[in-house]
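Below is one structure, written out as structure tokens; the observations come after it.
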There are 2 protein chains.
Amino acid sequence: MKSQVKRVPNARGEGERLRQEILGAATRILEETGREDALSLRGVAREVGIAAPSVYRHFKSKADLVTTVLEATYRALAVAMSEAGEAAAAAGADPRERVRAIVTAYRRFAIDKPRRYRLMFSLEYEPDRPPATGHPIDTMLQAWTDTTDAYLAEVVPSRRSEAQDLGVHLWTALHGQLVLWHTLPSAAAGNETILIELEESLLRRLLPVPEAPSPAQ
Amino acid sequence: MKSQVKRVPNARGEGERLRQEILGAATRILEETGREDALSLRGVAREVGIAAPSVYRHFKSKADLVTTVLEATYRALAVAMSEAGEAAAAAGADPRERVRAIVTAYRRFAIDKPRRYRLMFSLEYEPDRPPATGHPIDTMLQAWTDTTDAYLAEVVPSRRSEAQDLGVHLWTALHGQLVLWHTLPSAAAGNETILIELEESLLRRLLPVPEAPSPAQ
DNA sequence: AAGTTAGACTAACAGTGTTAGCCGACGAGC
DNA sequence: GCTCGTCGGCTAACACTGTTAGTCTAACTT
């Protein structure tokens, strides 16, 4: 029941403003409902106070709108990861703690924005869209291999060639855990602790330790 | 464009037959399109040669129909895994090869029925449905922990307590790999080999080896 | 023979994505 | 000052969707 007052059209160069409003509303609805078909163009139109077809001035289809929302989400996740890594580094964290920080940021994102996170990986690739900078998922892959490469370079340089594999393993395993956590009805759901423990257990198994045993603390 | 001949109603006790036909058509459409909203009740009705509302005699809603299809898919996957394990055991495979066989069966299923596999993990849990035997995903979890438990019991009995964790790790990591493989546009897509290599690499890292070094072949 | 009911159907409602076409207002060019 | 284009939006309409209500037919039960 938004204000039904006759919306005054944006000024000449300000069309972009409405685009952002549409994007915002769509993001909110997607996060609340979590299903692409629960997002209706008429719904977002109602929320921003415009007529449904007006959306087409800014997005060429509903799929385009959804894709745009998800691309922004991909970027936000990548930023969150990189910020967490830099913050940890600035705080003088050791390599393992830095990986831990990034993993935590990833989990936070997936848990705080669960519907969008799920949507990111449940969309078919649409070949009609010009892959502006490759599929956004490539960015994600890059972020993880960067993480493991930095870790290996500093801790076990001799095994640095495994960085790629290790990055994939870390990411996919983490993602699998989160999906499981999201989908499981009762047992684990809502209990973030066991998710953290799983992460710990995973990192112990996956991350190589220094070759020469360093004096424990 | 199925036969538009007036469909003769099934005999008295044969209502189940139509139910199966509907289920089959829905399964096929879901596998072809991969999106829940691409499945239309009118579509499946057309395909089986009935009127759309007649579906409601057998399924209380579209969601119910989809859920039923997916539950069958869950069961089929669990069966495929267990059969692969038993076949390997019957062929005298060692514990590691048995795990390998199960992993392979899982991958085969996910690759051969990609849309349905994806849908299995992209559906929100619906609390209205009576969880007949818990969420089907629990079955999946069980299958994996059983696998790792059998492996540990035979190979590293002292670490058998890790079976649960290990099962989760194995499954979630595998699932993550498959999602990645499905979603990635070009690079890896269609190239099953790198998927197998990733599995190998994962199993090497995850599966504990015997405590007392056995004479290598 | 009568009644009940399984197994279907038609009609209709509200809501969807999308297209076609219109309209008012602002800016540039003359 | 006046026209003209075009930006930012609107209304009407199409074809489709899930779903409900009510109805018909034929078989089974009594």
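Letters A, B, ... mark the chains of the structure tokens in the order given; residue numbers begin at 1 per chain; ligand numbers begin at 1, in order shown.
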(message) I need the contact residues of chain D against chain A, so if you could list those with any atom within 12 Å, counting only C-alpha atoms (C1' of nucleotides), and return them as a PyMOL selection string, that would help.
(response) chain D and resi 6-12+17
Mind dumping the selected residues with C-alpha atoms (C1' of nucleotides) as an mmCIF file, in the first residue's frame?
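The file below, selection_10.cif, is the result:
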```
data_model
loop_
_atom_site.group_PDB
_atom_site.id
_atom_site.type_symbol
_atom_site.label_atom_id
_atom_site.label_comp_id
_atom_site.auth_asym_id
_atom_site.auth_seq_id
_atom_site.Cartn_x
_atom_site.Cartn_y
_atom_site.Cartn_z
ATOM 1 C "C1'" DT D 6 12.450 11.850 -27.576
ATOM 2 C "C1'" DC D 7 12.481 10.740 -22.630
ATOM 3 C "C1'" DG D 8 9.660 8.842 -19.035
ATOM 4 C "C1'" DG D 9 5.937 6.973 -18.393
ATOM 5 C "C1'" DC D 10 0.816 5.152 -19.046
ATOM 6 C "C1'" DT D 11 -3.427 2.176 -20.732
ATOM 7 C "C1'" DA D 12 -5.281 -1.725 -23.238
ATOM 8 C "C1'" DT D 17 -0.844 -19.513 -15.688
#
```
Near chain A, meaning an atom within 9 Å, which residues of chain C appear when counting only C-alpha atoms (C1' of nucleotides)? Write them as an mmCIF file with C-alpha atoms (C1' of nucleotides), in the first residue's frame.
```cif
data_model
loop_
_atom_site.group_PDB
_atom_site.id
_atom_site.type_symbol
_atom_site.label_atom_id
_atom_site.label_comp_id
_atom_site.auth_asym_id
_atom_site.auth_seq_id
_atom_site.Cartn_x
_atom_site.Cartn_y
_atom_site.Cartn_z
ATOM 1 C "C1'" DT C 16 1.184 -13.281 -14.723
ATOM 2 C "C1'" DG C 17 4.939 -11.618 -18.585
ATOM 3 C "C1'" DT C 18 4.969 -9.078 -22.521
ATOM 4 C "C1'" DC C 26 11.014 18.915 -21.588
ATOM 5 C "C1'" DG C 27 15.162 20.135 -24.691
#
```
(request) Excluding DA12 in chain C and any residue of its chain fewer than 2 positions from it, enumerate the residues within 12 Å of it, using only C-alpha atoms (C1' of nucleotides), and give them as JSON, numbers by chain. (result) {"C": [10, 14], "D": [19, 20, 21, 22]}
How would the residues just chosen look if you wrote them out with N, CA and C atoms (P, O5', C5', C4', C3', O3' and C1' of nucleotides) as a compact mmCIF listing (two decimals), in the first residue's frame?
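Below you can see out-v8.txt, which holds the result:
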```txt
# COMPACT_ATOMS: atom_id res chain seq x y z
P DT C 10 -13.74 -30.44 -21.63
O5' DT C 10 -14.79 -29.33 -21.16
C5' DT C 10 -16.17 -29.62 -21.11
C4' DT C 10 -16.91 -28.43 -20.50
C3' DT C 10 -16.44 -27.05 -20.96
O3' DT C 10 -17.56 -26.21 -21.14
C1' DT C 10 -16.18 -27.21 -18.61
P DA C 14 -12.21 -12.25 -9.60
O5' DA C 14 -10.67 -12.18 -9.21
C5' DA C 14 -10.14 -13.08 -8.24
C4' DA C 14 -8.68 -13.34 -8.54
C3' DA C 14 -7.86 -12.06 -8.81
O3' DA C 14 -6.72 -12.09 -7.99
C1' DA C 14 -7.48 -13.64 -10.49
P DT D 19 -1.62 -24.32 -7.68
O5' DT D 19 -3.17 -23.96 -7.67
C5' DT D 19 -3.57 -22.64 -7.28
C4' DT D 19 -5.07 -22.52 -7.35
C3' DT D 19 -5.83 -23.74 -6.81
O3' DT D 19 -6.50 -23.34 -5.62
C1' DT D 19 -6.78 -22.90 -8.83
P DT D 20 -7.44 -24.38 -4.82
O5' DT D 20 -8.89 -23.95 -5.30
C5' DT D 20 -9.27 -22.58 -5.24
C4' DT D 20 -10.71 -22.43 -5.70
C3' DT D 20 -11.68 -23.47 -5.15
O3' DT D 20 -12.80 -22.80 -4.60
C1' DT D 20 -11.85 -23.38 -7.51
P DA D 21 -13.98 -23.61 -3.84
O5' DA D 21 -15.10 -23.69 -4.97
C5' DA D 21 -15.26 -22.61 -5.87
C4' DA D 21 -16.46 -22.86 -6.76
C3' DA D 21 -17.46 -23.88 -6.22
O3' DA D 21 -18.78 -23.44 -6.49
C1' DA D 21 -16.62 -24.63 -8.31
P DG D 22 -20.03 -24.34 -5.97
O5' DG D 22 -20.51 -25.08 -7.31
C5' DG D 22 -20.64 -24.31 -8.51
C4' DG D 22 -20.82 -25.25 -9.69
C3' DG D 22 -21.82 -26.39 -9.44
O3' DG D 22 -22.70 -26.49 -10.55
C1' DG D 22 -19.78 -27.25 -10.23
```
(request) Work out how far apart CA of Val209 in chain B and CA of Val155 in chain B are and give it in Å to one decimal. (result)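 Interatomic distance, CA of Val209 in chain B to CA of Val155 in chain B: 7.2 Å.
For Leu202 in chain A, the residues within 10 Å (counting only C-alpha atoms (C1' of nucleotides), excluding itself and residues fewer than 3 positions away along the chain) are His169, Leu170, Ala173, Leu174, Ile196, Glu197, Leu198, Glu199, Arg205, Leu206 and Leu207 of chain A; Asp165, Leu166, Val168, His169, Ala173 and Leu206 of chain B.
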Export of the given selection (N, CA and C atoms) as a CSV table (one decimal), in the first residue's frame:
```
chain,number,residue,atom,x,y,z
A,169,HIS,N,38.3,-26.8,-4.2
A,169,HIS,CA,37.9,-27.7,-3.1
A,169,HIS,C,37.2,-26.9,-2.0
A,170,LEU,N,38.0,-25.9,-1.6
A,170,LEU,CA,37.5,-25.1,-0.4
A,170,LEU,C,36.2,-24.5,-0.7
A,173,ALA,N,33.3,-27.2,-1.3
A,173,ALA,CA,32.9,-27.8,-0.1
A,173,ALA,C,32.1,-26.9,0.8
A,174,LEU,N,32.6,-25.7,0.9
A,174,LEU,CA,31.9,-24.7,1.7
A,174,LEU,C,30.5,-24.5,1.2
A,196,ILE,N,30.0,-23.9,11.8
A,196,ILE,CA,31.4,-23.5,12.1
A,196,ILE,C,32.3,-24.6,12.4
A,197,GLU,N,31.7,-25.6,13.1
A,197,GLU,CA,32.5,-26.8,13.4
A,197,GLU,C,32.9,-27.5,12.2
A,198,LEU,N,31.9,-27.6,11.3
A,198,LEU,CA,32.2,-28.3,10.0
A,198,LEU,C,33.3,-27.6,9.2
A,199,GLU,N,33.2,-26.3,9.3
A,199,GLU,CA,34.3,-25.5,8.6
A,199,GLU,C,35.6,-25.8,9.2
A,205,ARG,N,41.4,-30.5,7.4
A,205,ARG,CA,41.7,-31.6,6.5
A,205,ARG,C,42.2,-31.1,5.2
A,206,LEU,N,41.8,-29.9,4.8
A,206,LEU,CA,42.2,-29.4,3.5
A,206,LEU,C,43.4,-28.5,3.5
A,207,LEU,N,43.6,-27.7,4.4
A,207,LEU,CA,44.7,-26.7,4.4
A,207,LEU,C,46.0,-27.4,4.8
B,165,ASP,N,31.3,-36.7,10.3
B,165,ASP,CA,31.9,-35.5,9.7
B,165,ASP,C,32.4,-35.8,8.3
B,166,LEU,N,33.0,-36.9,8.1
B,166,LEU,CA,33.6,-37.3,6.8
B,166,LEU,C,32.6,-37.4,5.8
B,168,VAL,N,29.6,-36.0,5.7
B,168,VAL,CA,29.1,-34.7,5.3
B,168,VAL,C,30.1,-34.0,4.4
B,169,HIS,N,31.4,-34.1,4.8
B,169,HIS,CA,32.4,-33.4,3.9
B,169,HIS,C,32.4,-34.0,2.5
B,173,ALA,N,31.1,-31.6,-0.5
B,173,ALA,CA,32.2,-31.2,-1.4
B,173,ALA,C,31.9,-31.6,-2.8
B,206,LEU,N,40.7,-36.2,1.5
B,206,LEU,CA,39.7,-36.5,2.6
B,206,LEU,C,39.8,-37.9,3.2
```
(message) I need the contact residues of chain B against chain A, so if you could list those with any atom within 10 Å, counting only C-alpha atoms, and return them as a PyMOL selection string, that would help.
(response) chain B and resi 33-38+115+118-127+131+134-138+141+162+165-166+168-180+182-187+197-199+201-202+205-208
(request) Using DSSP on the backbone coordinates, identify the residues of range 97-173 of chain B assigned to alpha helix (DSSP H); present them as a PyMOL selection string. (result) chain B and resi 97-112+114-120+136-155+163-173
(request) For CA of Lys60 in chain A and C1' of DC23 in chain C, determine how far apart the two atoms are, in Å to one decimal place. (result) 22.1 Å
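Straight-line separation from CA of Tyr106 in chain B to CA of Ile22 in chain B: 26.5 Å.
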